[in-house]
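In what follows, a single structure is set out as structure tokens and then discussed.
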Amino acid sequence: MIFNDRLKILRKENARTQDTTAKDLGMPVRSYQRLEMDGAKTHYDTLLKIADYYDVSVDWLMGRTDKREVNR
């Protein structure tokens, strides 16, 4: 699955731990770990938080485009 792979890439590029990232996003660590491990489905609000946190587009996170940039 693309989402979990990209999530992991972003976290590592930003030198963050799963624990730190989960806390920054306001979610339980185990929930964040599931997102990276098996691409568990997440709520729309959480998806937007993740995209804003890493300053990437939701479409890129979901594998709909190869462009990371957010169209504003």
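In the structure tokens, each chain is lettered A, B, ... as it comes, each chain's residues begin at 1, and ligands are numbered from 1 in order of appearance.
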
(message) So that I can see what lies close to region 29-32 of chain A, please list as a VMD selection string the residues with an atom at most 9 Å from it, counting only C-alpha atoms and leaving out residues fewer than 5 positions away in the same chain.
(response) chain A and resid 18 to 23 37 40

(request) Can you work out the spacing between CA of Ala15 (chain A) and CA of Asp52 (chain A) in Å, to one decimal? (result)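 If I compute the distance from CA of Ala15 (chain A) to CA of Asp52 (chain A), I get 16.9 Å.
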
(request) Take CA of Thr46 (chain A) and CA of Asp66 (chain A) and report the distance between them in Å, one decimal. (result)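 Interatomic distance here is 20.9 Å.
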
(request) Measuring atom to atom with only C-alpha atoms, identify which of A:Ile50, A:Met62, A:Met27, A:Val56 is nearest to Asp5 (chain A). (result)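 The shortest atom-to-atom distance to Asp5 (chain A) comes from A:Met62.
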
From the DSSP assignment of the backbone, select every residue of chain A that is helix (DSSP H, G or I), and format the answer as a PDB file with N, CA, C and O atoms, in the first residue's frame.
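Okay, this is what ended up in states.pdb:
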```pdb
ATOM      1  N   ILE A   2       0.495   2.225  -0.752  1.00  0.00           N
ATOM      2  CA  ILE A   2       1.292   3.437  -0.919  1.00  0.00           C
ATOM      3  C   ILE A   2       1.241   4.339   0.306  1.00  0.00           C
ATOM      4  O   ILE A   2       2.263   4.882   0.729  1.00  0.00           O
ATOM      5  N   PHE A   3       0.070   4.512   0.904  1.00  0.00           N
ATOM      6  CA  PHE A   3      -0.087   5.443   2.016  1.00  0.00           C
ATOM      7  C   PHE A   3       0.891   5.143   3.148  1.00  0.00           C
ATOM      8  O   PHE A   3       1.611   6.036   3.608  1.00  0.00           O
ATOM      9  N   ASN A   4       0.948   3.908   3.596  1.00  0.00           N
ATOM     10  CA  ASN A   4       1.828   3.601   4.727  1.00  0.00           C
ATOM     11  C   ASN A   4       3.305   3.770   4.363  1.00  0.00           C
ATOM     12  O   ASN A   4       4.104   4.212   5.183  1.00  0.00           O
ATOM     13  N   ASP A   5       3.662   3.451   3.128  1.00  0.00           N
ATOM     14  CA  ASP A   5       5.048   3.630   2.699  1.00  0.00           C
ATOM     15  C   ASP A   5       5.438   5.105   2.691  1.00  0.00           C
ATOM     16  O   ASP A   5       6.514   5.473   3.155  1.00  0.00           O
ATOM     17  N   ARG A   6       4.559   5.934   2.165  1.00  0.00           N
ATOM     18  CA  ARG A   6       4.853   7.368   2.101  1.00  0.00           C
ATOM     19  C   ARG A   6       4.879   7.997   3.480  1.00  0.00           C
ATOM     20  O   ARG A   6       5.686   8.882   3.758  1.00  0.00           O
ATOM     21  N   LEU A   7       4.017   7.529   4.347  1.00  0.00           N
ATOM     22  CA  LEU A   7       3.997   8.024   5.721  1.00  0.00           C
ATOM     23  C   LEU A   7       5.332   7.731   6.413  1.00  0.00           C
ATOM     24  O   LEU A   7       5.917   8.588   7.072  1.00  0.00           O
ATOM     25  N   LYS A   8       5.813   6.529   6.219  1.00  0.00           N
ATOM     26  CA  LYS A   8       7.088   6.122   6.815  1.00  0.00           C
ATOM     27  C   LYS A   8       8.254   6.924   6.224  1.00  0.00           C
ATOM     28  O   LYS A   8       9.158   7.359   6.948  1.00  0.00           O
ATOM     29  N   ILE A   9       8.228   7.144   4.913  1.00  0.00           N
ATOM     30  CA  ILE A   9       9.267   7.930   4.242  1.00  0.00           C
ATOM     31  C   ILE A   9       9.322   9.337   4.818  1.00  0.00           C
ATOM     32  O   ILE A   9      10.395   9.849   5.150  1.00  0.00           O
ATOM     33  N   LEU A  10       8.160   9.960   4.943  1.00  0.00           N
ATOM     34  CA  LEU A  10       8.110  11.325   5.476  1.00  0.00           C
ATOM     35  C   LEU A  10       8.655  11.398   6.895  1.00  0.00           C
ATOM     36  O   LEU A  10       9.415  12.304   7.238  1.00  0.00           O
ATOM     37  N   ARG A  11       8.255  10.457   7.719  1.00  0.00           N
ATOM     38  CA  ARG A  11       8.711  10.463   9.108  1.00  0.00           C
ATOM     39  C   ARG A  11      10.230  10.330   9.179  1.00  0.00           C
ATOM     40  O   ARG A  11      10.902  11.071   9.909  1.00  0.00           O
ATOM     41  N   LYS A  12      10.784   9.431   8.387  1.00  0.00           N
ATOM     42  CA  LYS A  12      12.234   9.221   8.410  1.00  0.00           C
ATOM     43  C   LYS A  12      12.983  10.413   7.818  1.00  0.00           C
ATOM     44  O   LYS A  12      14.042  10.786   8.323  1.00  0.00           O
ATOM     45  N   GLU A  13      12.455  11.014   6.753  1.00  0.00           N
ATOM     46  CA  GLU A  13      13.089  12.188   6.156  1.00  0.00           C
ATOM     47  C   GLU A  13      13.165  13.345   7.153  1.00  0.00           C
ATOM     48  O   GLU A  13      14.090  14.153   7.098  1.00  0.00           O
ATOM     49  N   GLN A  18       8.129   7.414  15.749  1.00  0.00           N
ATOM     50  CA  GLN A  18       6.684   7.186  15.708  1.00  0.00           C
ATOM     51  C   GLN A  18       6.021   7.821  16.918  1.00  0.00           C
ATOM     52  O   GLN A  18       4.944   8.412  16.812  1.00  0.00           O
ATOM     53  N   ASP A  19       6.666   7.731  18.062  1.00  0.00           N
ATOM     54  CA  ASP A  19       6.122   8.289  19.293  1.00  0.00           C
ATOM     55  C   ASP A  19       5.957   9.798  19.191  1.00  0.00           C
ATOM     56  O   ASP A  19       4.893  10.349  19.508  1.00  0.00           O
ATOM     57  N   THR A  20       6.992  10.488  18.749  1.00  0.00           N
ATOM     58  CA  THR A  20       6.953  11.940  18.608  1.00  0.00           C
ATOM     59  C   THR A  20       5.901  12.365  17.594  1.00  0.00           C
ATOM     60  O   THR A  20       5.135  13.299  17.832  1.00  0.00           O
ATOM     61  N   THR A  21       5.877  11.678  16.469  1.00  0.00           N
ATOM     62  CA  THR A  21       4.916  12.019  15.423  1.00  0.00           C
ATOM     63  C   THR A  21       3.482  11.837  15.913  1.00  0.00           C
ATOM     64  O   THR A  21       2.633  12.701  15.697  1.00  0.00           O
ATOM     65  N   ALA A  22       3.222  10.727  16.577  1.00  0.00           N
ATOM     66  CA  ALA A  22       1.879  10.470  17.104  1.00  0.00           C
ATOM     67  C   ALA A  22       1.470  11.564  18.083  1.00  0.00           C
ATOM     68  O   ALA A  22       0.341  12.081  18.019  1.00  0.00           O
ATOM     69  N   LYS A  23       2.373  11.947  18.966  1.00  0.00           N
ATOM     70  CA  LYS A  23       2.069  13.004  19.944  1.00  0.00           C
ATOM     71  C   LYS A  23       1.799  14.333  19.244  1.00  0.00           C
ATOM     72  O   LYS A  23       0.865  15.050  19.594  1.00  0.00           O
ATOM     73  N   ASP A  24       2.630  14.659  18.250  1.00  0.00           N
ATOM     74  CA  ASP A  24       2.440  15.905  17.503  1.00  0.00           C
ATOM     75  C   ASP A  24       1.091  15.933  16.781  1.00  0.00           C
ATOM     76  O   ASP A  24       0.483  16.990  16.633  1.00  0.00           O
ATOM     77  N   LEU A  25       0.642  14.770  16.332  1.00  0.00           N
ATOM     78  CA  LEU A  25      -0.632  14.678  15.616  1.00  0.00           C
ATOM     79  C   LEU A  25      -1.818  14.505  16.559  1.00  0.00           C
ATOM     80  O   LEU A  25      -2.969  14.510  16.122  1.00  0.00           O
ATOM     81  N   VAL A  29      -0.049   6.387  20.061  1.00  0.00           N
ATOM     82  CA  VAL A  29       1.098   5.830  19.343  1.00  0.00           C
ATOM     83  C   VAL A  29       0.702   4.574  18.583  1.00  0.00           C
ATOM     84  O   VAL A  29       1.078   4.393  17.423  1.00  0.00           O
ATOM     85  N   ARG A  30      -0.070   3.713  19.208  1.00  0.00           N
ATOM     86  CA  ARG A  30      -0.476   2.457  18.556  1.00  0.00           C
ATOM     87  C   ARG A  30      -1.290   2.732  17.282  1.00  0.00           C
ATOM     88  O   ARG A  30      -1.134   2.040  16.281  1.00  0.00           O
ATOM     89  N   SER A  31      -2.116   3.735  17.302  1.00  0.00           N
ATOM     90  CA  SER A  31      -2.901   4.084  16.109  1.00  0.00           C
ATOM     91  C   SER A  31      -1.985   4.542  14.987  1.00  0.00           C
ATOM     92  O   SER A  31      -2.168   4.172  13.825  1.00  0.00           O
ATOM     93  N   TYR A  32      -0.986   5.343  15.342  1.00  0.00           N
ATOM     94  CA  TYR A  32      -0.034   5.794  14.326  1.00  0.00           C
ATOM     95  C   TYR A  32       0.766   4.610  13.783  1.00  0.00           C
ATOM     96  O   TYR A  32       0.979   4.508  12.577  1.00  0.00           O
ATOM     97  N   GLN A  33       1.188   3.721  14.652  1.00  0.00           N
ATOM     98  CA  GLN A  33       1.952   2.551  14.220  1.00  0.00           C
ATOM     99  C   GLN A  33       1.150   1.714  13.222  1.00  0.00           C
ATOM    100  O   GLN A  33       1.698   1.206  12.250  1.00  0.00           O
ATOM    101  N   ARG A  34      -0.140   1.572  13.470  1.00  0.00           N
ATOM    102  CA  ARG A  34      -0.989   0.811  12.548  1.00  0.00           C
ATOM    103  C   ARG A  34      -1.057   1.477  11.175  1.00  0.00           C
ATOM    104  O   ARG A  34      -1.096   0.797  10.156  1.00  0.00           O
ATOM    105  N   LEU A  35      -1.062   2.797  11.152  1.00  0.00           N
ATOM    106  CA  LEU A  35      -1.073   3.506   9.867  1.00  0.00           C
ATOM    107  C   LEU A  35       0.179   3.178   9.055  1.00  0.00           C
ATOM    108  O   LEU A  35       0.107   2.975   7.848  1.00  0.00           O
ATOM    109  N   GLU A  36       1.324   3.132   9.714  1.00  0.00           N
ATOM    110  CA  GLU A  36       2.574   2.819   9.021  1.00  0.00           C
ATOM    111  C   GLU A  36       2.692   1.336   8.678  1.00  0.00           C
ATOM    112  O   GLU A  36       3.245   0.986   7.652  1.00  0.00           O
ATOM    113  N   MET A  37       2.206   0.490   9.558  1.00  0.00           N
ATOM    114  CA  MET A  37       2.384  -0.952   9.348  1.00  0.00           C
ATOM    115  C   MET A  37       1.510  -1.500   8.232  1.00  0.00           C
ATOM    116  O   MET A  37       1.982  -2.184   7.341  1.00  0.00           O
ATOM    117  N   ASP A  38       0.228  -1.232   8.309  1.00  0.00           N
ATOM    118  CA  ASP A  38      -0.660  -1.877   7.342  1.00  0.00           C
ATOM    119  C   ASP A  38      -1.556  -0.902   6.602  1.00  0.00           C
ATOM    120  O   ASP A  38      -2.477  -1.303   5.912  1.00  0.00           O
ATOM    121  N   TYR A  44     -10.830  11.346   7.836  1.00  0.00           N
ATOM    122  CA  TYR A  44     -10.480  12.460   6.960  1.00  0.00           C
ATOM    123  C   TYR A  44      -9.716  13.540   7.725  1.00  0.00           C
ATOM    124  O   TYR A  44      -8.710  14.054   7.234  1.00  0.00           O
ATOM    125  N   ASP A  45     -10.155  13.863   8.924  1.00  0.00           N
ATOM    126  CA  ASP A  45      -9.494  14.902   9.718  1.00  0.00           C
ATOM    127  C   ASP A  45      -8.038  14.545  10.017  1.00  0.00           C
ATOM    128  O   ASP A  45      -7.163  15.400   9.961  1.00  0.00           O
ATOM    129  N   THR A  46      -7.794  13.285  10.317  1.00  0.00           N
ATOM    130  CA  THR A  46      -6.431  12.832  10.607  1.00  0.00           C
ATOM    131  C   THR A  46      -5.574  12.887   9.346  1.00  0.00           C
ATOM    132  O   THR A  46      -4.413  13.293   9.398  1.00  0.00           O
ATOM    133  N   LEU A  47      -6.152  12.512   8.224  1.00  0.00           N
ATOM    134  CA  LEU A  47      -5.438  12.570   6.951  1.00  0.00           C
ATOM    135  C   LEU A  47      -5.010  14.013   6.649  1.00  0.00           C
ATOM    136  O   LEU A  47      -3.873  14.254   6.240  1.00  0.00           O
ATOM    137  N   LEU A  48      -5.898  14.953   6.877  1.00  0.00           N
ATOM    138  CA  LEU A  48      -5.559  16.367   6.666  1.00  0.00           C
ATOM    139  C   LEU A  48      -4.477  16.834   7.634  1.00  0.00           C
ATOM    140  O   LEU A  48      -3.574  17.576   7.242  1.00  0.00           O
ATOM    141  N   LYS A  49      -4.546  16.390   8.891  1.00  0.00           N
ATOM    142  CA  LYS A  49      -3.515  16.750   9.872  1.00  0.00           C
ATOM    143  C   LYS A  49      -2.145  16.250   9.423  1.00  0.00           C
ATOM    144  O   LYS A  49      -1.145  16.959   9.532  1.00  0.00           O
ATOM    145  N   ILE A  50      -2.100  15.013   8.935  1.00  0.00           N
ATOM    146  CA  ILE A  50      -0.834  14.428   8.484  1.00  0.00           C
ATOM    147  C   ILE A  50      -0.289  15.212   7.297  1.00  0.00           C
ATOM    148  O   ILE A  50       0.898  15.545   7.246  1.00  0.00           O
ATOM    149  N   ALA A  51      -1.139  15.516   6.334  1.00  0.00           N
ATOM    150  CA  ALA A  51      -0.712  16.276   5.150  1.00  0.00           C
ATOM    151  C   ALA A  51      -0.193  17.659   5.551  1.00  0.00           C
ATOM    152  O   ALA A  51       0.846  18.096   5.058  1.00  0.00           O
ATOM    153  N   ASP A  52      -0.904  18.326   6.452  1.00  0.00           N
ATOM    154  CA  ASP A  52      -0.457  19.648   6.916  1.00  0.00           C
ATOM    155  C   ASP A  52       0.839  19.547   7.718  1.00  0.00           C
ATOM    156  O   ASP A  52       1.724  20.393   7.585  1.00  0.00           O
ATOM    157  N   TYR A  53       0.954  18.531   8.539  1.00  0.00           N
ATOM    158  CA  TYR A  53       2.133  18.325   9.379  1.00  0.00           C
ATOM    159  C   TYR A  53       3.400  18.207   8.539  1.00  0.00           C
ATOM    160  O   TYR A  53       4.438  18.772   8.864  1.00  0.00           O
ATOM    161  N   TYR A  54       3.299  17.476   7.433  1.00  0.00           N
ATOM    162  CA  TYR A  54       4.462  17.279   6.561  1.00  0.00           C
ATOM    163  C   TYR A  54       4.479  18.212   5.354  1.00  0.00           C
ATOM    164  O   TYR A  54       5.387  18.148   4.532  1.00  0.00           O
ATOM    165  N   VAL A  58      -2.700  15.709   0.128  1.00  0.00           N
ATOM    166  CA  VAL A  58      -3.423  14.481   0.463  1.00  0.00           C
ATOM    167  C   VAL A  58      -3.349  13.516  -0.718  1.00  0.00           C
ATOM    168  O   VAL A  58      -3.178  12.307  -0.533  1.00  0.00           O
ATOM    169  N   ASP A  59      -3.443  14.048  -1.927  1.00  0.00           N
ATOM    170  CA  ASP A  59      -3.358  13.191  -3.115  1.00  0.00           C
ATOM    171  C   ASP A  59      -2.020  12.456  -3.176  1.00  0.00           C
ATOM    172  O   ASP A  59      -1.957  11.293  -3.550  1.00  0.00           O
ATOM    173  N   TRP A  60      -0.929  13.139  -2.800  1.00  0.00           N
ATOM    174  CA  TRP A  60       0.370  12.464  -2.796  1.00  0.00           C
ATOM    175  C   TRP A  60       0.397  11.364  -1.730  1.00  0.00           C
ATOM    176  O   TRP A  60       0.869  10.260  -1.985  1.00  0.00           O
ATOM    177  N   LEU A  61      -0.119  11.673  -0.548  1.00  0.00           N
ATOM    178  CA  LEU A  61      -0.159  10.667   0.517  1.00  0.00           C
ATOM    179  C   LEU A  61      -0.922   9.419   0.084  1.00  0.00           C
ATOM    180  O   LEU A  61      -0.543   8.301   0.413  1.00  0.00           O
TER     181      LEU A  61
END
```
